[in-house]
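Undergrad: Below you'll find query.tsv; it's TSV, C-alpha atoms.
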chain	number	residue	atom	x	y	z
N	200	THR	CA	0.00	0.00	0.00
N	201	ASN	CA	1.20	3.48	-0.86
N	202	TRP	CA	1.03	4.94	2.57
N	203	LYS	CA	3.27	2.23	3.93
N	204	LYS	CA	5.83	3.25	1.32
N	205	GLY	CA	5.50	6.76	2.65
N	206	LEU	CA	6.34	5.53	6.10
N	207	LEU	CA	9.43	3.75	4.80
N	208	LYS	CA	10.64	6.96	3.24
N	209	THR	CA	10.14	8.57	6.61
N	210	SER	CA	12.43	5.99	8.13
N	211	SER	CA	15.24	7.17	5.87
N	212	GLU	CA	14.56	10.64	7.16
N	213	LEU	CA	15.35	9.36	10.63
N	214	PHE	CA	19.02	9.90	9.90
N	215	THR	CA	18.58	13.42	8.59
N	216	LEU	CA	16.28	14.37	11.46
N	217	THR	CA	18.75	12.96	13.98
N	218	TYR	CA	21.59	14.75	12.25
N	219	GLY	CA	19.66	18.01	12.47
N	220	ALA	CA	19.10	17.53	16.19
N	221	LEU	CA	22.81	16.84	16.63
N	222	VAL	CA	23.89	19.99	14.79
N	223	THR	CA	21.41	22.06	16.81
N	224	GLN	CA	22.81	20.62	20.05
N	225	LEU	CA	26.43	21.21	18.98
N	226	CYS	CA	25.63	24.84	18.17
N	227	LYS	CA	24.42	25.18	21.74
N	228	ASP	CA	27.46	23.39	23.20
N	229	TYR	CA	30.15	25.28	21.30
N	230	GLU	CA	30.77	29.00	21.21
N	231	ASN	CA	31.74	29.31	17.58
N	232	ASP	CA	31.02	27.66	14.25
N	233	GLU	CA	34.62	26.56	13.72
N	234	ASP	CA	34.44	24.33	16.79
N	235	VAL	CA	31.17	22.83	15.61
N	236	ASN	CA	32.70	22.15	12.19
N	237	LYS	CA	35.67	20.41	13.83
N	238	GLN	CA	33.43	18.31	16.04
N	239	LEU	CA	31.28	17.24	13.09
N	240	ASP	CA	34.42	16.27	11.18
N	241	LYS	CA	35.70	14.23	14.15
N	242	MET	CA	32.41	12.45	14.62
N	243	GLY	CA	32.23	11.80	10.90
N	244	TYR	CA	35.70	10.29	10.99
N	245	ASN	CA	34.71	7.91	13.81
N	246	ILE	CA	31.62	6.90	11.86
N	247	GLY	CA	33.58	6.50	8.62
N	248	VAL	CA	36.13	4.07	10.05
N	249	ARG	CA	33.24	1.76	11.01
N	250	LEU	CA	30.95	2.44	8.09
N	251	ILE	CA	33.56	1.16	5.64
N	252	GLU	CA	33.14	-2.38	7.02
N	253	ASP	CA	29.40	-2.20	6.54
N	254	PHE	CA	29.93	-0.81	3.04
N	255	LEU	CA	32.41	-3.47	1.96
N	256	ALA	CA	30.15	-6.21	3.31
N	257	ARG	CA	27.06	-4.90	1.51
N	258	SER	CA	28.54	-3.76	-1.76
N	259	ASN	CA	31.04	-6.45	-2.69
N	260	VAL	CA	33.19	-3.94	-4.54
N	261	GLY	CA	36.75	-5.06	-5.13
N	262	ARG	CA	39.90	-3.09	-4.52
N	263	CYS	CA	40.07	0.17	-6.48
N	264	HIS	CA	43.10	0.48	-8.72
N	265	ASP	CA	43.19	4.23	-8.90
N	266	PHE	CA	41.55	7.38	-7.65
N	267	ARG	CA	39.13	7.49	-10.60
N	268	GLU	CA	37.72	4.11	-9.64
N	269	THR	CA	37.48	5.28	-6.06
N	270	ALA	CA	35.52	8.33	-7.17
N	271	ASP	CA	33.07	6.16	-9.09
N	272	VAL	CA	32.54	3.85	-6.14
N	273	ILE	CA	32.00	6.76	-3.77
N	274	ALA	CA	29.47	8.50	-6.00
N	275	LYS	CA	27.63	5.63	-7.63
N	276	VAL	CA	27.68	3.00	-4.89
N	277	ALA	CA	28.31	4.53	-1.48
N	278	PHE	CA	26.28	7.73	-1.73
N	279	LYS	CA	23.47	5.83	-3.41
N	280	MET	CA	23.48	3.16	-0.73
N	281	TYR	CA	23.50	5.41	2.31
N	282	LEU	CA	21.91	8.66	1.21
N	283	GLY	CA	19.91	7.60	-1.82
N	284	ILE	CA	21.57	10.10	-4.16
N	285	THR	CA	24.20	9.84	-6.89
N	286	PRO	CA	26.43	12.91	-7.01
N	287	SER	CA	28.17	13.66	-10.30
N	288	ILE	CA	31.94	13.63	-10.56
N	289	THR	CA	33.58	16.64	-12.19
N	290	ASN	CA	36.61	18.94	-12.27
N	291	TRP	CA	39.37	16.40	-12.28
N	292	SER	CA	42.79	17.92	-11.71
N	293	PRO	CA	45.33	17.28	-14.51
N	294	ALA	CA	47.29	14.99	-12.18
N	295	GLY	CA	44.15	12.97	-11.41
N	296	ASP	CA	44.50	13.51	-7.67
N	297	GLU	CA	41.56	15.84	-7.11
N	298	PHE	CA	37.91	15.80	-8.12
N	299	SER	CA	34.60	17.28	-7.11
N	300	LEU	CA	31.38	15.61	-6.08
N	301	ILE	CA	28.40	17.70	-7.11
N	302	LEU	CA	25.22	17.13	-5.13
N	303	GLU	CA	22.23	18.70	-6.88
N	304	ASN	CA	20.31	18.22	-3.70
N	305	ASN	CA	21.69	17.26	-0.35
N	306	PRO	CA	19.23	15.14	1.64
N	307	LEU	CA	20.81	16.25	4.92
N	308	VAL	CA	19.54	19.78	4.41
N	309	ASP	CA	15.91	19.15	3.55
N	310	PHE	CA	13.88	21.58	5.63
N	311	VAL	CA	17.04	23.18	7.05
N	312	GLU	CA	17.80	26.87	7.07
N	313	LEU	CA	20.97	28.31	8.48
N	314	PRO	CA	20.19	30.91	11.11
N	315	ASP	CA	21.81	34.31	10.51
N	316	ASN	CA	24.43	34.04	13.21
N	317	HIS	CA	25.92	30.79	11.87
N	318	SER	CA	27.37	31.89	8.57
N	319	SER	CA	30.61	29.90	9.09
N	320	LEU	CA	28.85	26.67	9.95
N	321	ILE	CA	29.52	23.87	7.50
N	322	TYR	CA	26.26	22.10	8.20
N	323	SER	CA	27.04	18.80	6.47
N	324	ASN	CA	30.65	18.61	7.60
N	325	LEU	CA	30.04	15.15	9.06
N	326	LEU	CA	30.18	13.85	5.48
N	327	CYS	CA	33.76	15.08	5.04
N	328	GLY	CA	34.83	13.22	8.16
N	329	VAL	CA	33.01	10.06	7.02
N	330	LEU	CA	34.79	10.12	3.66
N	331	ARG	CA	38.16	10.74	5.29
N	332	GLY	CA	37.71	7.98	7.89
N	333	ALA	CA	36.35	5.42	5.49
N	334	LEU	CA	39.08	5.95	2.89
N	335	GLU	CA	41.78	5.84	5.55
N	336	MET	CA	40.65	2.30	6.33
N	337	VAL	CA	41.36	1.34	2.73
N	338	GLN	CA	44.81	2.86	2.86
N	339	MET	CA	44.07	6.25	1.35
N	340	ALA	CA	44.79	9.54	3.07
N	341	VAL	CA	42.46	12.13	1.57
N	342	GLU	CA	41.14	15.58	2.24
N	343	ALA	CA	37.46	16.31	1.75
N	344	LYS	CA	35.92	19.72	2.04
N	345	PHE	CA	32.82	21.64	1.02
N	346	VAL	CA	33.51	24.33	-1.57
N	347	GLN	CA	29.89	25.12	-2.44
N	348	ASP	CA	26.80	24.76	-0.29
N	349	THR	CA	23.15	25.30	-1.22
N	350	LEU	CA	22.52	26.30	2.39
N	351	LYS	CA	24.75	29.31	1.77
N	352	GLY	CA	23.00	30.30	-1.40
N	353	ASP	CA	25.13	28.42	-3.92
N	354	GLY	CA	23.37	26.68	-6.76
N	355	VAL	CA	24.74	23.25	-5.90
N	356	THR	CA	26.61	21.56	-3.11
N	357	GLU	CA	30.17	20.64	-4.02
N	358	ILE	CA	32.63	18.49	-2.07
N	359	ARG	CA	36.24	18.69	-3.22
N	360	MET	CA	38.20	15.45	-2.71
N	361	ARG	CA	41.99	15.48	-2.73
N	362	PHE	CA	44.24	12.43	-2.65
N	363	ILE	CA	47.15	13.05	-0.30
N	364	ARG	CA	49.01	9.74	-0.19
N	365	ARG	CA	48.74	6.01	0.07
N	366	ILE	CA	48.91	4.75	3.67
N	367	GLU	CA	51.40	1.90	3.79
N	368	ASP	CA	51.42	1.07	7.49
N	369	ASN	CA	48.41	-0.83	8.80
N	370	LEU	CA	48.01	1.24	11.93
N	371	PRO	CA	44.80	0.64	13.83
N	372	ALA	CA	42.22	3.38	13.50
N	373	GLY	CA	42.57	5.97	16.20
N	374	GLU	CA	39.54	7.52	17.86
N	375	GLU	CA	39.49	11.24	17.36
Q	298	MET	CA	19.12	-1.74	5.57
Q	299	ALA	CA	21.98	0.56	4.73
Q	300	ASP	CA	20.41	3.69	6.10
Q	301	GLU	CA	19.80	1.93	9.37
Q	302	ALA	CA	23.55	1.27	9.66
Q	303	LEU	CA	24.19	4.97	9.23
Q	304	PHE	CA	21.65	5.88	11.91
Q	305	LEU	CA	23.04	3.30	14.36
Q	306	LEU	CA	26.58	4.62	13.90
Q	307	LEU	CA	25.41	8.22	14.26
Q	308	HIS	CA	23.50	7.36	17.44
Q	309	ASN	CA	26.53	5.61	18.97
Q	310	GLU	CA	28.77	8.52	18.06
Q	311	MET	CA	26.31	10.95	19.65
Q	312	VAL	CA	26.33	8.96	22.89
Q	313	SER	CA	30.16	8.83	22.93
Q	314	GLY	CA	30.39	12.50	22.03
Q	315	VAL	CA	28.09	13.65	24.78
Q	316	TYR	CA	30.00	11.69	27.40
Q	317	LYS	CA	33.43	12.63	26.05
Q	318	SER	CA	32.79	16.31	26.51
Q	319	ALA	CA	31.39	15.56	29.96
Q	320	GLU	CA	34.77	14.26	31.09
Q	321	GLN	CA	36.23	17.66	30.50
Q	322	GLY	CA	34.18	19.47	33.05
Q	323	GLU	CA	30.54	18.55	33.29
Q	324	VAL	CA	29.64	16.77	36.48
Q	325	GLU	CA	26.49	14.75	36.27
Q	326	ASN	CA	25.58	11.80	34.17
Q	327	GLY	CA	22.08	13.25	34.33
Q	328	ARG	CA	23.01	16.21	32.18
Q	329	CYS	CA	24.26	13.89	29.45
Q	330	ILE	CA	21.12	11.80	29.61
Q	331	THR	CA	19.05	14.98	29.33
Q	332	LYS	CA	20.95	16.13	26.26
Q	333	LEU	CA	20.41	12.82	24.49
Q	334	GLU	CA	16.75	12.74	25.54
Q	335	ASN	CA	16.19	16.26	24.23
Q	336	MET	CA	17.69	15.37	20.86
Q	337	GLY	CA	15.43	12.33	20.71
Q	338	PHE	CA	12.44	14.51	21.58
Q	339	ARG	CA	13.06	16.80	18.59
Q	340	VAL	CA	13.45	13.85	16.28
Q	341	GLY	CA	10.28	12.20	17.60
Q	342	GLN	CA	8.33	15.37	16.89
Q	343	GLY	CA	9.80	15.59	13.41
Q	344	LEU	CA	8.91	11.99	12.60
Q	345	ILE	CA	5.28	12.45	13.57
Q	346	GLU	CA	5.14	15.59	11.44
Q	347	ARG	CA	6.39	13.59	8.47
Q	348	ILE	CA	4.06	10.67	9.15
Q	349	ASN	CA	1.16	13.09	9.51
Q	350	THR	CA	1.99	14.62	6.15
Q	351	VAL	CA	2.06	11.22	4.50
Q	352	LEU	CA	-1.25	10.15	6.02
Q	353	LEU	CA	-2.87	13.49	5.26
Q	354	LEU	CA	-2.02	13.14	1.59
Q	355	VAL	CA	-3.32	9.59	1.55
Q	356	ASN	CA	-6.60	10.70	3.10
Q	357	LEU	CA	-6.98	13.53	0.61
Q	358	PHE	CA	-6.56	11.00	-2.14
Q	359	ARG	CA	-9.16	8.71	-0.72
Q	360	PHE	CA	-11.57	11.52	0.09
Q	361	THR	CA	-12.11	10.01	3.50
Q	362	LYS	CA	-13.32	12.07	6.37
Q	363	ASP	CA	-10.56	12.02	8.90
Q	364	THR	CA	-12.61	13.06	11.89
Q	365	ALA	CA	-10.49	11.38	14.48
Q	366	ARG	CA	-7.70	9.11	13.43
Q	367	PHE	CA	-7.22	7.81	16.92
Q	368	LYS	CA	-10.16	6.71	19.06
Q	369	ASP	CA	-8.38	7.15	22.35
Q	370	GLU	CA	-5.12	7.14	24.22
Q	371	LEU	CA	-4.71	3.39	23.89
Q	372	ASP	CA	-5.11	3.70	20.14
Q	373	ILE	CA	-2.26	6.20	20.08
Q	374	MET	CA	-0.06	3.93	22.17
Q	375	LYS	CA	-0.76	1.07	19.77
Q	376	PHE	CA	0.29	3.33	16.91
Q	377	ILE	CA	3.55	4.04	18.71
Q	378	CYS	CA	4.08	0.31	19.24
Q	379	LYS	CA	3.33	-0.66	15.64
Q	380	ASP	CA	3.75	1.95	12.91
Q	381	PHE	CA	6.02	4.37	14.76
Q	382	TRP	CA	8.33	1.67	16.12
Q	383	THR	CA	8.49	-0.03	12.70
Q	384	THR	CA	9.35	3.25	11.01
Q	385	VAL	CA	12.24	3.84	13.39
Q	386	PHE	CA	13.43	0.34	14.32
Q	387	LYS	CA	12.06	-1.86	11.54
Q	388	LYS	CA	10.13	-3.99	14.00
Q	389	GLN	CA	7.18	-3.64	16.33
Q	390	ILE	CA	7.16	-3.45	20.09
Q	391	ASP	CA	6.87	-7.02	21.33
Q	392	ASN	CA	4.61	-6.42	24.29
Q	393	LEU	CA	2.42	-3.55	25.51
Q	394	ARG	CA	0.98	-3.48	29.00
Q	395	THR	CA	-1.08	-0.83	30.75
Q	396	ASN	CA	-2.80	-0.26	34.03
Q	397	HIS	CA	-5.50	1.69	32.16
Q	398	GLN	CA	-4.68	4.64	34.37
Q	399	GLY	CA	-2.13	6.36	32.19
Q	400	ILE	CA	0.88	4.08	32.59
Q	401	TYR	CA	2.12	1.98	29.68
Q	402	VAL	CA	5.06	-0.38	29.48
Q	403	LEU	CA	6.48	-1.07	26.04
Q	404	GLN	CA	8.73	-4.08	25.81
Q	405	ASP	CA	11.20	-4.59	22.98
Q	406	ASN	CA	12.89	-7.98	23.25
Q	407	LYS	CA	15.58	-7.20	20.73
Q	408	PHE	CA	16.15	-3.47	20.87
Q	409	ARG	CA	18.14	-2.36	17.84
Q	410	LEU	CA	20.30	0.11	19.69
Q	411	LEU	CA	21.42	-2.57	22.16
Q	412	THR	CA	21.97	-5.57	19.89
Q	413	GLN	CA	25.49	-4.41	19.08
Q	414	MET	CA	26.46	-4.40	22.72
Q	415	SER	CA	27.78	-7.34	24.69
Q	416	ALA	CA	25.40	-9.03	27.06
Q	417	GLY	CA	27.77	-8.93	30.03
Q	418	LYS	CA	26.45	-7.54	33.33
Q	419	GLN	CA	29.12	-4.84	33.41
Q	420	TYR	CA	27.50	-3.23	30.38
Q	421	LEU	CA	24.08	-2.90	32.00
Q	422	GLU	CA	25.22	0.27	33.71
Q	423	HIS	CA	26.01	1.84	30.36
Q	424	ALA	CA	22.86	0.65	28.66
Q	425	SER	CA	20.86	3.62	29.95
Q	426	LYS	CA	23.02	5.93	27.84
Q	427	TYR	CA	21.78	4.08	24.78
Q	428	LEU	CA	18.14	4.37	25.79
Q	429	ALA	CA	17.95	8.10	26.51
Q	430	PHE	CA	17.58	9.21	22.91
Q	431	THR	CA	14.76	6.74	22.33
Q	432	CYS	CA	12.94	7.85	25.49
Q	433	GLY	CA	12.97	11.33	24.01
Q	434	LEU	CA	11.86	9.96	20.66
Q	435	ILE	CA	8.74	8.44	22.23
Q	436	ARG	CA	8.05	11.56	24.28
Q	437	GLY	CA	8.45	13.79	21.21
Q	438	GLY	CA	6.22	11.59	19.08
Q	439	LEU	CA	3.50	11.59	21.73
Q	440	SER	CA	3.87	15.33	22.17
Q	441	ASN	CA	3.03	15.92	18.52
Q	442	LEU	CA	0.07	13.60	18.90
Q	443	GLY	CA	-1.23	15.80	21.68
Q	444	ILE	CA	-0.03	13.76	24.63
Q	445	LYS	CA	2.29	14.99	27.35
Q	446	SER	CA	4.30	12.26	29.04
Q	447	ILE	CA	7.34	11.21	30.98
Q	448	VAL	CA	9.28	8.34	29.47
Q	449	THR	CA	11.88	6.24	31.24
Q	450	ALA	CA	13.56	3.00	30.30
Q	451	GLU	CA	15.32	0.06	31.83
Q	452	VAL	CA	17.25	-2.95	30.67
Q	453	SER	CA	16.72	-6.18	32.54
Q	454	SER	CA	18.70	-8.40	30.24
Q	455	MET	CA	20.33	-7.48	26.97
Q	456	PRO	CA	19.13	-6.84	24.39
Q	457	ALA	CA	15.62	-6.62	25.83
Q	458	CYS	CA	14.41	-3.40	27.36
Q	459	LYS	CA	11.25	-1.75	28.60
Q	460	PHE	CA	10.07	1.80	28.05
Q	461	GLN	CA	7.70	3.15	30.65
Q	462	VAL	CA	5.35	5.91	29.53
Q	463	MET	CA	3.50	7.96	32.14
Q	464	ILE	CA	0.79	10.12	30.63
Q	465	GLN	CA	0.59	13.57	32.21
Q	466	LYS	CA	-2.97	14.71	32.60
Q	467	LEU	CA	-3.11	18.44	32.01
As structure tokens, how would this structure be written, given the file I've shared?

TA:
Amino acid sequence: TNWKKGLLKTSSELFTLTYGALVTQLCKDYENDEDVNKQLDKMGYNIGVRLIEDFLARSNVGRCHDFRETADVIAKVAFKMYLGITPSITNWSPAGDEFSLILENNPLVDFVELPDNHSSLIYSNLLCGVLRGALEMVQMAVEAKFVQDTLKGDGVTEIRMRFIRRIEDNLPAGEE
Amino acid sequence: MADEALFLLLHNEMVSGVYKSAEQGEVENGRCITKLENMGFRVGQGLIERINTVLLLVNLFRFTKDTARFKDELDIMKFICKDFWTTVFKKQIDNLRTNHQGIYVLQDNKFRLLTQMSAGKQYLEHASKYLAFTCGLIRGGLSNLGIKSIVTAEVSSMPACKFQVMIQKL
């Protein structure tokens, strides 16, 4: 029945609603936006280092041979699986070590408006931490950051991904 | 379900985060529990808003007269136990008891937020941290359904737990 399908969609909004409550609470706990951004990144990292196991178990993707393959897996498999969207991949650097993920709409920000006094808040910064933590577990040190954000009036949301280096040592994941 | 994994990890990280910052100065465990419960409350309200929107659209489609969706308080509690719980935790409450005087006990024999935790007795003490958000969730959901309540929870043996709802008569 259709209305049951509606309820199931609501269950996927559980994550975005919970995320919204978290950001609201962090804005109360921390004096400035920079600290909130850092905390979201840290929490995202801790989630990412565990999420990768879930992802590898569910998706059955093999080892990626290069950063281009990694980009495809992130956009077409991971984002689709966890957030129900498929960002597009653009703006590759000539060296092939940087690319952008373009999110036409970001499910995390449905029904969200940034209040006036939080102009430096990177609302979805958890995602950057998740990407960083997850990729670290597959031996890639990367940097992820938002360069465009629809919440700030940009037309799209853009995450810039930069490959830093391969991680050779199998150090256990630290908690941040 | 993949999105459930994401929610579970987020919830665990929220519990850790709240207690981590407590070590650096905050004194009571109670304050942490309150923070988690308040976050759950907001989410519970939000979920009912969404569910209401869905059902409203369905009713418009069917041209039914939605005079009163719920007959009474018990009807609302059954909704929480079935549709609401399934929306959030992909299963129903296993057992609902009431004294018919405003107290309800909702038993979940395999509570999703506890199944990842070991069953050892030493973890029972920490289990309450993992129930606070959900207590708020129930309280927030009921609030948007017009019911004011106090919700507490206890774990007798992992991963089963009971949520006690006390309806506040205004």

Undergrad: For the atom pair CA of Gly243 in chain N and CA of Leu320 in chain N, what is the interatomic distance in Å to one decimal place?

TA: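 Separation between CA of Gly243 in chain N and CA of Leu320 in chain N: 15.3 Å.
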
Undergrad: From the set N:Met336, N:Asn324, N:Arg361, N:Asp309, which residue has the shortest atom-to-atom contact distance to Ser292 in chain N, counting all atoms listed in the file?

TA: N:Arg361

Undergrad: With a distance threshold of 10 Å and counting only C-alpha atoms, extract the residues of chain Q near chain N and express them as a PyMOL selection string.

TA: chain Q and resi 298-311+313-315+318+332-333+335-356+380-387+430

Undergrad: Go through Q:Pro456, Q:Thr412, Q:Tyr316, Q:Cys378 one by one, measure the shortest atom-to-atom distance of each to Gly438 in chain Q using all atoms listed in the file, and give the residue with the smallest value.

TA: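 Using all atoms listed in the file, Gly438 in chain Q sits closest to Q:Cys378.
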
Undergrad: Within 7 Å of Asp391 in chain Q, counting all atoms listed in the file, which residues qualify if same-chain residues fewer than 3 places away don't, as a PyMOL selection string?

TA: chain Q and resi 404-406

Undergrad: Do you have the CA of Leu403 in chain Q-CA of Val462 in chain Q distance handy?

TA: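 Answer for the CA of Leu403 in chain Q to CA of Val462 in chain Q separation: 7.9 Å.
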
Undergrad: Please determine, counting only C-alpha atoms, which residue among N:Ser319, N:Thr349, N:Asn236, N:Asn259 has the shortest atom-to-atom distance to Asn304 in chain N.

TA: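 Among N:Ser319, N:Thr349, N:Asn236, N:Asn259, it is N:Thr349 that comes nearest to Asn304 in chain N.
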
Undergrad: Could you list, as a list in words, every residue within 10 Å of Met414 in chain Q, counting all atoms listed in the file and ignoring same-chain residues fewer than 2 positions away?

TA: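 The filter keeps Arg409, Leu410, Leu411, Thr412, Ala416, Gly417, Tyr420, Leu421, His423, Ala424, Tyr427, Met455 and Pro456 of chain Q.
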
Undergrad: Can you work out the spacing between CA of Leu334 in chain N and CA of Phe310 in chain N in Å, to one decimal?

TA: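 Separation between CA of Leu334 in chain N and CA of Phe310 in chain N: 29.8 Å.
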
Undergrad: Show me, as a list in words, the residues that have an atom within 6 Å of Ile301 in chain N when counting all atoms listed in the file, minus same-chain residues fewer than 5 positions from it.

TA: Pro286, Ser287, Thr356 and Glu357 of chain N

Undergrad: Selection from above, C-alpha atoms, as a short mmCIF file (atom, residue, chain, number, x, y, z; two decimals), in the coordinates of the input, can you write it?

TA:
data_model
loop_
_atom_site.label_atom_id
_atom_site.label_comp_id
_atom_site.auth_asym_id
_atom_site.auth_seq_id
_atom_site.Cartn_x
_atom_site.Cartn_y
_atom_site.Cartn_z
CA PRO N 286 26.43 12.91 -7.01
CA SER N 287 28.17 13.66 -10.30
CA THR N 356 26.61 21.56 -3.11
CA GLU N 357 30.17 20.64 -4.02
#

Undergrad: Box for range 236-255 of chain N: with edges along x, y and z, all listed atoms inside and 3 Å added on each side, what are the centre and edge lengths in Å to one decimal, as JSON?

TA:
{"center_x": 32.8, "center_y": 9.3, "center_z": 9.0, "size_x": 12.7, "size_y": 31.6, "size_z": 20.1}

Undergrad: Taking the partial coordinates given, rebuild range 356-371 of chain N to contain N, CA and C atoms; return it as an mmCIF file, in the coordinates of the input.

TA:
data_model
loop_
_atom_site.group_PDB
_atom_site.id
_atom_site.type_symbol
_atom_site.label_atom_id
_atom_site.label_comp_id
_atom_site.auth_asym_id
_atom_site.auth_seq_id
_atom_site.Cartn_x
_atom_site.Cartn_y
_atom_site.Cartn_z
ATOM 1 N N THR N 356 25.694 21.866 -4.199
ATOM 2 C CA THR N 356 26.610 21.560 -3.110
ATOM 3 C C THR N 356 27.775 20.800 -3.711
ATOM 4 N N GLU N 357 28.986 21.246 -3.420
ATOM 5 C CA GLU N 357 30.170 20.640 -4.020
ATOM 6 C C GLU N 357 31.167 20.256 -2.944
ATOM 7 N N ILE N 358 31.583 18.979 -2.975
ATOM 8 C CA ILE N 358 32.630 18.490 -2.070
ATOM 9 C C ILE N 358 33.879 18.261 -2.906
ATOM 10 N N ARG N 359 34.974 18.860 -2.490
ATOM 11 C CA ARG N 359 36.240 18.690 -3.220
ATOM 12 C C ARG N 359 37.026 17.592 -2.513
ATOM 13 N N MET N 360 37.442 16.566 -3.283
ATOM 14 C CA MET N 360 38.200 15.450 -2.710
ATOM 15 C C MET N 360 39.629 15.514 -3.228
ATOM 16 N N ARG N 361 40.582 15.420 -2.315
ATOM 17 C CA ARG N 361 41.990 15.480 -2.730
ATOM 18 C C ARG N 361 42.737 14.279 -2.178
ATOM 19 N N PHE N 362 43.425 13.568 -3.070
ATOM 20 C CA PHE N 362 44.240 12.430 -2.650
ATOM 21 C C PHE N 362 45.561 12.955 -2.121
ATOM 22 N N ILE N 363 45.905 12.571 -0.895
ATOM 23 C CA ILE N 363 47.150 13.050 -0.300
ATOM 24 C C ILE N 363 48.245 12.007 -0.521
ATOM 25 N N ARG N 364 48.014 10.801 0.034
ATOM 26 C CA ARG N 364 49.010 9.740 -0.190
ATOM 27 C C ARG N 364 48.407 8.387 0.155
ATOM 28 N N ARG N 365 49.094 7.362 -0.284
ATOM 29 C CA ARG N 365 48.740 6.010 0.070
ATOM 30 C C ARG N 365 49.252 5.765 1.497
ATOM 31 N N ILE N 366 48.468 5.080 2.318
ATOM 32 C CA ILE N 366 48.910 4.750 3.670
ATOM 33 C C ILE N 366 49.476 3.343 3.639
ATOM 34 N N GLU N 367 50.775 3.223 3.897
ATOM 35 C CA GLU N 367 51.400 1.900 3.790
ATOM 36 C C GLU N 367 51.270 1.114 5.090
ATOM 37 N N ASP N 368 51.476 1.791 6.218
ATOM 38 C CA ASP N 368 51.420 1.070 7.490
ATOM 39 C C ASP N 368 49.988 0.744 7.841
ATOM 40 N N ASN N 369 49.755 -0.476 8.353
ATOM 41 C CA ASN N 369 48.410 -0.830 8.800
ATOM 42 C C ASN N 369 48.224 -0.486 10.259
ATOM 43 N N LEU N 370 48.228 0.819 10.544
ATOM 44 C CA LEU N 370 48.010 1.240 11.930
ATOM 45 C C LEU N 370 46.539 1.109 12.261
ATOM 46 N N PRO N 371 46.224 0.719 13.488
ATOM 47 C CA PRO N 371 44.800 0.640 13.830
ATOM 48 C C PRO N 371 44.173 2.023 13.845
#
